[in-house]
$ cat protein-v5.cif   # mmCIF, C-alpha atoms
data_input
loop_
_atom_site.label_atom_id
_atom_site.label_comp_id
_atom_site.auth_asym_id
_atom_site.auth_seq_id
_atom_site.Cartn_x
_atom_site.Cartn_y
_atom_site.Cartn_z
CA MET A 1 142.46 82.45 103.35
CA ALA A 2 143.13 82.00 107.06
CA THR A 3 140.35 82.80 109.48
CA HIS A 4 141.16 86.17 111.04
CA LEU A 5 139.58 85.35 114.38
CA SER A 6 141.72 82.31 115.13
CA HIS A 7 144.27 84.16 117.24
CA PHE A 8 141.65 86.28 119.01
CA SER A 9 138.97 83.69 119.80
CA ASN A 10 140.43 82.90 123.22
CA ALA A 11 141.45 86.45 124.06
CA LYS A 12 139.75 88.05 127.05
CA THR A 13 138.64 91.48 125.92
CA ASN A 14 137.41 93.86 128.60
CA PHE A 15 134.22 95.18 127.06
CA SER A 16 130.91 93.61 126.19
CA ILE A 17 127.75 94.31 124.25
CA ASN A 18 124.95 95.09 126.66
CA THR A 19 121.72 95.73 124.84
CA LYS A 20 119.78 96.10 128.08
CA SER A 21 121.77 99.07 129.27
CA LYS A 22 121.80 102.39 127.45
CA LEU A 23 120.71 100.75 124.19
CA GLY A 24 123.87 98.73 123.82
CA ARG A 25 126.61 101.17 124.79
CA SER A 26 129.83 99.32 125.56
CA SER A 27 132.51 100.39 127.97
CA ALA A 28 135.77 101.63 126.51
CA PRO A 29 138.15 98.85 125.49
CA THR A 30 141.49 98.47 127.21
CA VAL A 31 144.69 99.32 125.38
CA VAL A 32 145.35 95.61 124.79
CA ALA A 33 141.85 94.99 123.44
CA ALA A 34 142.06 98.07 121.21
CA ALA A 35 145.35 96.79 119.76
CA GLN A 36 143.79 93.38 119.12
CA ASN A 37 140.84 94.99 117.39
CA GLN A 38 143.03 97.11 115.14
CA SER A 39 145.17 94.07 114.33
CA TYR A 40 142.06 92.14 113.30
CA TRP A 41 140.89 94.82 110.87
CA ALA A 42 144.43 95.43 109.60
CA SER A 43 144.82 91.72 108.79
CA ILE A 44 141.67 91.81 106.65
CA ASP A 45 142.87 95.00 104.93
CA ALA A 46 146.18 93.30 104.13
CA GLU A 47 144.42 90.33 102.53
CA ILE A 48 142.21 92.62 100.44
CA ASP A 49 145.34 94.45 99.26
CA THR A 50 146.99 91.15 98.37
CA TYR A 51 143.94 90.06 96.40
CA LEU A 52 143.72 93.36 94.51
CA LYS A 53 147.43 93.38 93.66
CA LYS A 54 147.06 89.94 92.08
CA ALA A 55 143.83 90.90 90.30
CA LEU A 56 145.15 94.25 89.10
CA PRO A 57 148.84 93.95 88.15
CA ILE A 58 150.52 96.54 86.01
CA ARG A 59 150.37 94.92 82.57
CA PRO A 60 150.06 96.02 78.95
CA PRO A 61 148.78 98.47 78.03
CA GLU A 62 150.67 100.20 80.85
CA SER A 63 149.02 103.52 79.96
CA VAL A 64 145.76 102.01 81.24
CA PHE A 65 146.77 99.64 84.01
CA GLU A 66 149.50 101.69 85.67
CA PRO A 67 147.19 104.59 86.63
CA MET A 68 144.39 102.14 87.49
CA HIS A 69 146.72 100.28 89.84
CA HIS A 70 148.05 103.52 91.33
CA LEU A 71 144.66 105.14 91.95
CA THR A 72 143.21 101.95 93.43
CA PHE A 73 145.81 102.00 96.18
CA ALA A 74 146.11 105.79 96.47
CA ALA A 75 142.55 106.04 97.79
CA PRO A 76 142.33 106.04 101.59
CA ARG A 77 141.22 102.82 103.21
CA THR A 78 137.54 102.35 104.04
CA THR A 79 136.37 99.91 106.70
CA ALA A 80 133.39 99.06 104.48
CA SER A 81 135.54 96.50 102.64
CA ALA A 82 136.84 94.82 105.78
CA LEU A 83 133.32 94.82 107.24
CA CYS A 84 132.21 92.71 104.27
CA VAL A 85 134.65 89.96 105.28
CA ALA A 86 133.88 90.29 108.99
CA ALA A 87 130.13 90.04 108.37
CA CYS A 88 130.64 86.88 106.32
CA GLU A 89 132.51 85.33 109.24
CA LEU A 90 129.92 86.49 111.74
CA VAL A 91 127.11 84.55 110.02
CA GLY A 92 129.29 81.45 109.84
CA GLY A 93 130.58 81.76 106.28
CA ASP A 94 134.05 81.14 104.87
CA PRO A 95 135.68 84.60 104.74
CA SER A 96 137.28 83.77 101.39
CA LEU A 97 133.79 83.88 99.88
CA ALA A 98 133.61 87.60 100.63
CA MET A 99 137.05 88.59 99.35
CA VAL A 100 135.94 89.45 95.81
CA ALA A 101 133.01 91.54 97.05
CA ALA A 102 135.24 93.31 99.59
CA SER A 103 137.72 94.11 96.82
CA ALA A 104 134.94 95.36 94.53
CA ILE A 105 133.67 97.64 97.30
CA HIS A 106 137.13 99.14 97.66
CA LEU A 107 137.31 99.64 93.89
CA MET A 108 133.99 101.52 93.91
CA HIS A 109 135.25 103.62 96.81
CA ALA A 110 138.52 104.31 94.96
CA ALA A 111 136.66 105.37 91.80
CA ALA A 112 134.41 107.72 93.77
CA TYR A 113 137.38 109.17 95.65
CA THR A 114 139.28 109.70 92.39
CA HIS A 115 136.35 111.49 90.77
CA GLN A 116 135.71 113.72 93.77
CA HIS A 117 139.36 114.72 94.01
CA LEU A 118 140.12 115.46 90.36
CA PRO A 119 142.84 118.15 90.11
CA LEU A 120 140.46 120.92 89.04
CA THR A 121 140.37 124.51 90.31
CA ASP A 122 137.04 125.81 88.98
CA ARG A 123 134.60 124.12 91.34
CA PRO A 124 133.78 124.49 95.04
CA ARG A 125 135.54 122.11 97.41
CA PRO A 126 134.63 121.31 101.03
CA LYS A 127 136.95 122.87 103.60
CA SER A 128 137.46 119.44 105.17
CA GLU A 129 138.66 117.89 101.91
CA PRO A 130 142.20 116.52 102.24
CA THR A 131 145.15 117.68 100.19
CA VAL A 132 145.77 115.13 97.43
CA GLN A 133 149.05 114.66 95.58
CA HIS A 134 148.18 113.97 91.96
CA LYS A 135 150.38 111.83 89.77
CA TYR A 136 148.22 112.28 86.67
CA GLY A 137 146.21 115.01 84.99
CA PRO A 138 142.43 115.33 85.32
CA ASN A 139 141.82 113.65 81.95
CA ILE A 140 143.69 110.49 82.98
CA GLU A 141 142.17 110.39 86.45
CA LEU A 142 138.64 110.89 85.13
CA LEU A 143 138.95 108.10 82.57
CA THR A 144 140.74 105.80 84.99
CA GLY A 145 138.03 106.24 87.61
CA ASP A 146 135.51 105.30 84.93
CA GLY A 147 137.56 102.17 84.20
CA ILE A 148 137.86 101.07 87.82
CA ILE A 149 134.08 100.69 88.20
CA PRO A 150 133.48 98.08 85.47
CA PHE A 151 136.64 96.26 86.53
CA GLY A 152 135.11 95.74 89.97
CA LEU A 153 131.93 94.38 88.41
CA GLU A 154 134.00 92.10 86.19
CA LEU A 155 135.73 90.63 89.24
CA LEU A 156 132.35 89.85 90.75
CA ALA A 157 130.98 88.33 87.54
CA ARG A 158 134.03 86.10 87.18
CA SER A 159 133.59 84.82 90.72
CA VAL A 160 130.36 83.04 89.81
CA ASP A 161 130.90 79.37 90.55
CA SER A 162 128.04 76.95 89.95
CA ALA A 163 129.84 74.34 92.03
CA ARG A 164 129.46 76.62 95.05
CA SER A 165 125.86 77.39 94.11
CA ASN A 166 126.56 81.12 94.39
CA PRO A 167 125.27 82.74 91.13
CA THR A 168 122.15 84.13 92.81
CA ARG A 169 124.16 85.50 95.72
CA ILE A 170 126.69 87.13 93.39
CA LEU A 171 123.92 88.77 91.38
CA ARG A 172 122.39 90.09 94.57
CA VAL A 173 125.77 91.44 95.68
CA ILE A 174 126.25 93.21 92.34
CA MET A 175 122.89 94.90 92.82
CA GLU A 176 123.80 95.90 96.39
CA ILE A 177 127.14 97.41 95.35
CA THR A 178 125.87 99.31 92.33
CA ARG A 179 123.02 100.80 94.34
CA ALA A 180 125.22 101.86 97.24
CA SER A 181 127.93 103.36 95.03
CA GLY A 182 125.55 105.03 92.57
CA SER A 183 122.96 107.78 92.56
CA GLN A 184 121.12 106.42 95.60
CA GLY A 185 124.27 106.29 97.70
CA VAL A 186 127.80 107.66 97.34
CA VAL A 187 127.16 109.77 94.23
CA ASP A 188 124.15 111.42 95.88
CA GLY A 189 126.30 112.22 98.91
CA GLN A 190 129.01 113.72 96.72
CA TYR A 191 126.52 115.96 94.94
CA LYS A 192 125.14 117.22 98.25
CA GLU A 193 128.62 117.73 99.70
CA LEU A 194 129.80 119.74 96.70
CA GLY A 195 126.60 121.79 96.68
CA ILE A 196 125.99 121.33 92.96
CA ASP A 197 122.46 119.93 93.08
CA GLY A 198 120.63 123.02 94.30
CA SER A 199 119.83 121.41 97.65
CA GLU A 200 118.71 123.63 100.53
CA ILE A 201 120.12 121.27 103.16
CA THR A 202 122.79 123.03 105.21
CA GLY A 203 124.76 122.83 108.44
CA LEU A 204 124.60 119.75 110.65
CA GLU A 205 121.71 118.34 108.64
CA LEU A 206 123.90 118.40 105.54
CA ILE A 207 126.80 116.70 107.35
CA GLU A 208 124.51 113.94 108.58
CA TYR A 209 122.98 113.42 105.15
CA VAL A 210 126.36 113.28 103.40
CA CYS A 211 127.80 110.85 105.97
CA LYS A 212 124.74 108.63 105.63
CA LYS A 213 124.99 108.51 101.85
CA LYS A 214 128.77 108.25 101.50
CA GLU A 215 130.09 106.27 104.45
CA GLY A 216 126.81 104.91 105.80
CA GLU A 217 125.43 103.37 102.62
CA LEU A 218 128.81 101.91 101.64
CA HIS A 219 129.25 100.24 105.04
CA ALA A 220 125.66 99.01 104.99
CA CYS A 221 126.41 97.50 101.59
CA GLY A 222 129.63 95.88 102.83
CA ALA A 223 127.92 94.30 105.82
CA ALA A 224 124.93 93.08 103.80
CA CYS A 225 127.13 91.64 101.03
CA GLY A 226 129.26 89.73 103.54
CA ALA A 227 126.17 88.29 105.20
CA ILE A 228 124.65 87.33 101.84
CA LEU A 229 127.80 85.55 100.67
CA GLY A 230 128.21 83.87 104.06
CA GLY A 231 124.75 82.33 103.76
CA GLY A 232 123.17 84.45 106.46
CA ALA A 233 119.43 84.41 107.09
CA GLU A 234 117.41 87.39 105.89
CA ASP A 235 117.05 88.81 109.39
CA GLU A 236 120.83 88.55 109.89
CA ILE A 237 121.45 90.35 106.60
CA GLU A 238 119.16 93.22 107.60
CA ILE A 239 120.63 93.45 111.11
CA LEU A 240 124.14 93.71 109.70
CA ARG A 241 122.97 96.18 107.04
CA ASN A 242 121.63 98.44 109.80
CA PHE A 243 124.80 98.02 111.85
CA GLY A 244 126.87 98.97 108.81
CA LEU A 245 124.78 102.05 108.15
CA TYR A 246 125.21 103.35 111.70
CA ALA A 247 128.89 102.37 111.91
CA GLY A 248 129.65 104.07 108.60
CA MET A 249 127.93 107.25 109.74
CA VAL A 250 129.99 107.17 112.93
CA GLN A 251 133.14 106.90 110.80
CA GLY A 252 132.11 109.80 108.58
CA MET A 253 130.99 112.10 111.38
CA THR A 254 134.08 111.36 113.47
CA ALA A 255 136.22 112.50 110.55
CA LYS A 256 134.45 115.88 110.53
CA GLU A 257 135.79 116.68 114.04
CA ASN A 258 132.74 118.80 114.79
CA PRO A 259 131.96 119.03 118.55
CA MET A 260 128.31 119.66 117.75
CA MET A 261 128.08 116.14 116.27
CA GLU A 262 129.27 114.33 119.41
CA ALA A 263 125.80 113.61 120.81
CA LYS A 264 124.64 112.28 117.45
CA ILE A 265 127.73 110.10 117.14
CA GLU A 266 127.10 108.58 120.57
CA ARG A 267 123.49 107.88 119.68
CA LEU A 268 124.56 106.16 116.44
CA LYS A 269 127.06 104.03 118.37
CA GLU A 270 124.28 102.90 120.69
CA MET A 271 122.03 102.08 117.74
CA ALA A 272 124.83 100.13 116.02
CA LEU A 273 125.61 98.03 119.08
CA LYS A 274 121.94 97.39 119.78
CA GLU A 275 121.61 95.83 116.32
CA LEU A 276 124.32 93.29 117.17
CA GLY A 277 122.56 92.25 120.37
CA SER A 278 120.43 89.67 118.56
CA PHE A 279 123.48 87.56 117.65
CA ASP A 280 123.86 84.99 120.43
CA GLY A 281 126.76 82.70 121.21
CA LYS A 282 129.33 84.60 119.12
CA LYS A 283 130.91 86.82 121.73
CA ALA A 284 134.45 86.91 120.31
CA ARG A 285 133.22 87.81 116.84
CA LEU A 286 130.76 90.38 118.18
CA GLU A 287 133.41 92.11 120.27
CA LEU A 288 135.67 92.44 117.24
CA ILE A 289 133.02 93.67 114.83
CA SER A 290 131.57 96.08 117.40
CA SER A 291 134.98 97.75 117.70
CA LEU A 292 134.24 99.39 114.36
CA VAL A 293 132.51 102.22 116.23
CA GLU A 294 135.19 102.69 118.89
CA PRO A 295 137.12 106.02 118.80
CA SER A 296 140.55 104.39 118.46
CA LEU A 297 139.53 102.52 115.33
CA CYS A 298 137.65 105.47 113.85
CA ALA A 299 140.78 107.60 114.29
CA ALA A 300 142.89 105.01 112.50
CA TYR A 301 140.71 105.30 109.38
CA THR A 302 140.14 109.06 109.29
#
$ encode --input "protein-v5.cif" --output "structure tokens"
Amino acid sequence: MATHLSHFSNAKTNFSINTKSKLGRSSAPTVVAAAQNQSYWASIDAEIDTYLKKALPIRPPESVFEPMHHLTFAAPRTTASALCVAACELVGGDPSLAMVAASAIHLMHAAAYTHQHLPLTDRPRPKSEPTVQHKYGPNIELLTGDGIIPFGLELLARSVDSARSNPTRILRVIMEITRASGSQGVVDGQYKELGIDGSEITGLELIEYVCKKKEGELHACGAACGAILGGGAEDEIEILRNFGLYAGMVQGMTAKENPMMEAKIERLKEMALKELGSFDGKKARLELISSLVEPSLCAAYT
């Protein structure tokens, strides 16, 4: 896989990470820089799609693999997958090492999205929930979502390569992904969002909690997994995990389009950029990865 940063490494972007001023707030990128940033993330997305299409072709039995293929690509894109690849590059790893994990993260996201948007009419649905065009009935979508999850884990297990000395890293990544997509992460957020767990959390507190569990935890997982597979040091892994958490929450809150969340979103942006301040000598990579919290990129994924 080609290195995504090759055609941006010499580009002069017009914003910088300044951890000594306002906790790392960056100035707004120019139109040219914003286009470069979006192109960078789009190129990673395209490679993840290519990988998944090869890993998940429509094959016999078509009754199983056709809906699995369809629902995998029907789910909206999440930057958590691309962040996995970008984090791997940031710590000096070969981005191809993170492709399986990035694809597995998208599969977990697709399964969760499928389950939350089953074509049912007898349960409460958030007002902000998008209109979904369903190709299959709830029975097929429920079972297919269940099938997508183990398929993602199978991809990870098959990527174990003793020649690359990665079995321990892959096992750690599996643990990261299952935790973030399960009852401690995305599933918990879905329960709170649907109001079916008896929680007393309401209003802005509920929005923040849901965004932390759904988008935040998944992005934290993506960043940590990329750093793990790229051979990052423990402090680098934790820094990128924190960045992912804040960046994911920014993505989720931005999608809510609630003016009362603007101050919180700005604070999270500052916290995200401050985390990246400890990476020295990697300006081009930092400028690209920090664009994940910029409004233009958030809008492209919401």
$ resolve_selection --input "protein-v5.cif" --expression "the PyMOL selection byres ((chain A and resi 218) around 9)" --output "list of chain:residue names"
A:Ala80, A:Ser81, A:Ile105, A:His109, A:Ile177, A:Ala180, A:Ser181, A:Gly185, A:Val186, A:Lys212, A:Lys213, A:Lys214, A:Glu215, A:Gly216, A:Glu217, A:His219, A:Ala220, A:Cys221, A:Gly222, A:Ala223, A:Gly244, A:Leu245, A:Gly248
$ residues_around --input "protein-v5.cif" --residues "segment 63-65 of chain A" --least-positions-apart "5" --cutoff "12 Å" --atoms "only C-alpha atoms" --output "PyMOL selection string"
chain A and resi 53+55-58+70-72+136+140-141+143-148+151
$ resolve_selection --input "protein-v5.cif" --expression "the PyMOL selection byres ((chain A and resi 210) around 12)" --output "PyMOL selection string"
chain A and resi 126+184-195+199+201-209+211-218+248-253+256
$ resolve_selection --input "protein-v5.cif" --expression "the PyMOL selection byres ((chain A and resi 116) around 10)" --output "PyMOL selection string"
chain A and resi 110-115+117-120+125+129+142+145+187+190-191+194
$ write_last_selection --input "protein-v5.cif" --atoms "C-alpha atoms" --output "mmCIF file, in the frame of the given file"
data_model
loop_
_atom_site.group_PDB
_atom_site.id
_atom_site.type_symbol
_atom_site.label_atom_id
_atom_site.label_comp_id
_atom_site.auth_asym_id
_atom_site.auth_seq_id
_atom_site.Cartn_x
_atom_site.Cartn_y
_atom_site.Cartn_z
ATOM 1 C CA ALA A 110 138.520 104.310 94.960
ATOM 2 C CA ALA A 111 136.660 105.370 91.800
ATOM 3 C CA ALA A 112 134.410 107.720 93.770
ATOM 4 C CA TYR A 113 137.380 109.170 95.650
ATOM 5 C CA THR A 114 139.280 109.700 92.390
ATOM 6 C CA HIS A 115 136.350 111.490 90.770
ATOM 7 C CA HIS A 117 139.360 114.720 94.010
ATOM 8 C CA LEU A 118 140.120 115.460 90.360
ATOM 9 C CA PRO A 119 142.840 118.150 90.110
ATOM 10 C CA LEU A 120 140.460 120.920 89.040
ATOM 11 C CA ARG A 125 135.540 122.110 97.410
ATOM 12 C CA GLU A 129 138.660 117.890 101.910
ATOM 13 C CA LEU A 142 138.640 110.890 85.130
ATOM 14 C CA GLY A 145 138.030 106.240 87.610
ATOM 15 C CA VAL A 187 127.160 109.770 94.230
ATOM 16 C CA GLN A 190 129.010 113.720 96.720
ATOM 17 C CA TYR A 191 126.520 115.960 94.940
ATOM 18 C CA LEU A 194 129.800 119.740 96.700
#
$ atom_distance --input "protein-v5.cif" --atom1 "atom CA of Glu176 of chain A" --atom2 "atom CA of Leu288 of chain A"
24.2 Å
$ atom_distance --input "protein-v5.cif" --atom1 "atom CA of Val31 of chain A" --atom2 "atom CA of Ser291 of chain A"
12.5 Å
$ closest_residue --input "protein-v5.cif" --among "A:Leu292, A:Gly92, A:Gly230, A:Gly152" --to "Phe279 of chain A" --atoms "all atoms listed in the file"
A:Gly92
$ atom_distance --input "protein-v5.cif" --atom1 "atom CA of Pro150 of chain A" --atom2 "atom CA of Ala101 of chain A"
13.3 Å
$ decode --input "protein-v5.cif" --residues "segment 210-223 of chain A" --atoms "all heavy atoms" --output "PDB file, in the first residue's frame"
ATOM      1  N   VAL A 210     -23.328   9.768  25.188  1.00  0.00           N
ATOM      2  CA  VAL A 210     -23.528   8.937  24.000  1.00  0.00           C
ATOM      3  C   VAL A 210     -22.405   9.144  22.995  1.00  0.00           C
ATOM      4  O   VAL A 210     -21.865   8.187  22.426  1.00  0.00           O
ATOM      5  CB  VAL A 210     -24.903   9.230  23.358  1.00  0.00           C
ATOM      6  CG1 VAL A 210     -25.010   8.561  21.984  1.00  0.00           C
ATOM      7  CG2 VAL A 210     -26.032   8.739  24.261  1.00  0.00           C
ATOM      8  N   CYS A 211     -22.020  10.399  22.769  1.00  0.00           N
ATOM      9  CA  CYS A 211     -20.935  10.683  21.819  1.00  0.00           C
ATOM     10  C   CYS A 211     -19.613  10.112  22.304  1.00  0.00           C
ATOM     11  O   CYS A 211     -18.795   9.646  21.506  1.00  0.00           O
ATOM     12  CB  CYS A 211     -20.811  12.188  21.600  1.00  0.00           C
ATOM     13  SG  CYS A 211     -22.191  12.913  20.672  1.00  0.00           S
ATOM     14  N   LYS A 212     -19.397  10.128  23.605  1.00  0.00           N
ATOM     15  CA  LYS A 212     -18.169   9.552  24.146  1.00  0.00           C
ATOM     16  C   LYS A 212     -18.131   8.052  23.918  1.00  0.00           C
ATOM     17  O   LYS A 212     -17.098   7.495  23.490  1.00  0.00           O
ATOM     18  CB  LYS A 212     -18.067   9.850  25.639  1.00  0.00           C
ATOM     19  CG  LYS A 212     -16.834   9.223  26.301  1.00  0.00           C
ATOM     20  CD  LYS A 212     -16.776   9.533  27.781  1.00  0.00           C
ATOM     21  CE  LYS A 212     -15.547   8.872  28.419  1.00  0.00           C
ATOM     22  NZ  LYS A 212     -15.455   9.138  29.870  1.00  0.00           N
ATOM     23  N   LYS A 213     -19.252   7.387  24.173  1.00  0.00           N
ATOM     24  CA  LYS A 213     -19.288   5.928  24.069  1.00  0.00           C
ATOM     25  C   LYS A 213     -19.329   5.448  22.620  1.00  0.00           C
ATOM     26  O   LYS A 213     -18.683   4.450  22.276  1.00  0.00           O
ATOM     27  CB  LYS A 213     -20.505   5.377  24.835  1.00  0.00           C
ATOM     28  CG  LYS A 213     -20.370   5.484  26.342  1.00  0.00           C
ATOM     29  CD  LYS A 213     -19.221   4.627  26.845  1.00  0.00           C
ATOM     30  CE  LYS A 213     -19.064   4.664  28.334  1.00  0.00           C
ATOM     31  NZ  LYS A 213     -18.002   3.754  28.815  1.00  0.00           N
ATOM     32  N   LYS A 214     -20.072   6.124  21.770  1.00  0.00           N
ATOM     33  CA  LYS A 214     -20.214   5.665  20.384  1.00  0.00           C
ATOM     34  C   LYS A 214     -19.053   6.137  19.506  1.00  0.00           C
ATOM     35  O   LYS A 214     -18.255   5.333  19.035  1.00  0.00           O
ATOM     36  CB  LYS A 214     -21.548   6.136  19.815  1.00  0.00           C
ATOM     37  CG  LYS A 214     -22.762   5.439  20.431  1.00  0.00           C
ATOM     38  CD  LYS A 214     -24.059   5.933  19.826  1.00  0.00           C
ATOM     39  CE  LYS A 214     -24.190   5.638  18.361  1.00  0.00           C
ATOM     40  NZ  LYS A 214     -25.482   6.109  17.796  1.00  0.00           N
ATOM     41  N   GLU A 215     -18.944   7.415  19.295  1.00  0.00           N
ATOM     42  CA  GLU A 215     -17.879   7.914  18.421  1.00  0.00           C
ATOM     43  C   GLU A 215     -16.538   8.000  19.145  1.00  0.00           C
ATOM     44  O   GLU A 215     -15.495   7.649  18.578  1.00  0.00           O
ATOM     45  CB  GLU A 215     -18.258   9.288  17.861  1.00  0.00           C
ATOM     46  CG  GLU A 215     -19.384   9.265  16.847  1.00  0.00           C
ATOM     47  CD  GLU A 215     -20.765   9.326  17.480  1.00  0.00           C
ATOM     48  OE1 GLU A 215     -20.829   9.477  18.722  1.00  0.00           O
ATOM     49  OE2 GLU A 215     -21.753   9.238  16.742  1.00  0.00           O
ATOM     50  N   GLY A 216     -16.552   8.459  20.395  1.00  0.00           N
ATOM     51  CA  GLY A 216     -15.303   8.644  21.127  1.00  0.00           C
ATOM     52  C   GLY A 216     -14.530   7.366  21.344  1.00  0.00           C
ATOM     53  O   GLY A 216     -13.343   7.270  21.020  1.00  0.00           O
ATOM     54  N   GLU A 217     -15.183   6.359  21.890  1.00  0.00           N
ATOM     55  CA  GLU A 217     -14.499   5.096  22.183  1.00  0.00           C
ATOM     56  C   GLU A 217     -14.031   4.404  20.909  1.00  0.00           C
ATOM     57  O   GLU A 217     -12.960   3.791  20.874  1.00  0.00           O
ATOM     58  CB  GLU A 217     -15.422   4.166  22.975  1.00  0.00           C
ATOM     59  CG  GLU A 217     -15.747   4.636  24.377  1.00  0.00           C
ATOM     60  CD  GLU A 217     -14.572   4.521  25.336  1.00  0.00           C
ATOM     61  OE1 GLU A 217     -13.542   3.932  24.955  1.00  0.00           O
ATOM     62  OE2 GLU A 217     -14.689   5.018  26.469  1.00  0.00           O
ATOM     63  N   LEU A 218     -14.815   4.501  19.832  1.00  0.00           N
ATOM     64  CA  LEU A 218     -14.419   3.849  18.579  1.00  0.00           C
ATOM     65  C   LEU A 218     -13.192   4.533  17.978  1.00  0.00           C
ATOM     66  O   LEU A 218     -12.281   3.864  17.474  1.00  0.00           O
ATOM     67  CB  LEU A 218     -15.579   3.858  17.586  1.00  0.00           C
ATOM     68  CG  LEU A 218     -15.445   2.866  16.420  1.00  0.00           C
ATOM     69  CD1 LEU A 218     -15.471   1.422  16.931  1.00  0.00           C
ATOM     70  CD2 LEU A 218     -16.578   3.072  15.410  1.00  0.00           C
ATOM     71  N   HIS A 219     -13.140   5.850  18.040  1.00  0.00           N
ATOM     72  CA  HIS A 219     -11.973   6.573  17.525  1.00  0.00           C
ATOM     73  C   HIS A 219     -10.757   6.357  18.414  1.00  0.00           C
ATOM     74  O   HIS A 219      -9.627   6.249  17.921  1.00  0.00           O
ATOM     75  CB  HIS A 219     -12.279   8.065  17.398  1.00  0.00           C
ATOM     76  CG  HIS A 219     -13.090   8.423  16.194  1.00  0.00           C
ATOM     77  ND1 HIS A 219     -14.445   8.168  16.111  1.00  0.00           N
ATOM     78  CD2 HIS A 219     -12.735   9.002  15.024  1.00  0.00           C
ATOM     79  CE1 HIS A 219     -14.886   8.589  14.929  1.00  0.00           C
ATOM     80  NE2 HIS A 219     -13.870   9.092  14.258  1.00  0.00           N
ATOM     81  N   ALA A 220     -10.977   6.301  19.724  1.00  0.00           N
ATOM     82  CA  ALA A 220      -9.866   6.006  20.635  1.00  0.00           C
ATOM     83  C   ALA A 220      -9.287   4.639  20.314  1.00  0.00           C
ATOM     84  O   ALA A 220      -8.064   4.441  20.304  1.00  0.00           O
ATOM     85  CB  ALA A 220     -10.350   6.053  22.087  1.00  0.00           C
ATOM     86  N   CYS A 221     -10.168   3.692  20.037  1.00  0.00           N
ATOM     87  CA  CYS A 221      -9.748   2.341  19.662  1.00  0.00           C
ATOM     88  C   CYS A 221      -8.963   2.367  18.357  1.00  0.00           C
ATOM     89  O   CYS A 221      -7.899   1.752  18.245  1.00  0.00           O
ATOM     90  CB  CYS A 221     -10.980   1.444  19.534  1.00  0.00           C
ATOM     91  SG  CYS A 221     -10.665  -0.170  18.797  1.00  0.00           S
ATOM     92  N   GLY A 222      -9.478   3.080  17.352  1.00  0.00           N
ATOM     93  CA  GLY A 222      -8.792   3.139  16.065  1.00  0.00           C
ATOM     94  C   GLY A 222      -7.389   3.706  16.197  1.00  0.00           C
ATOM     95  O   GLY A 222      -6.430   3.150  15.648  1.00  0.00           O
ATOM     96  N   ALA A 223      -7.264   4.799  16.945  1.00  0.00           N
ATOM     97  CA  ALA A 223      -5.954   5.428  17.116  1.00  0.00           C
ATOM     98  C   ALA A 223      -4.998   4.519  17.874  1.00  0.00           C
ATOM     99  O   ALA A 223      -3.824   4.373  17.507  1.00  0.00           O
ATOM    100  CB  ALA A 223      -6.109   6.764  17.844  1.00  0.00           C
TER     101      ALA A 223
END
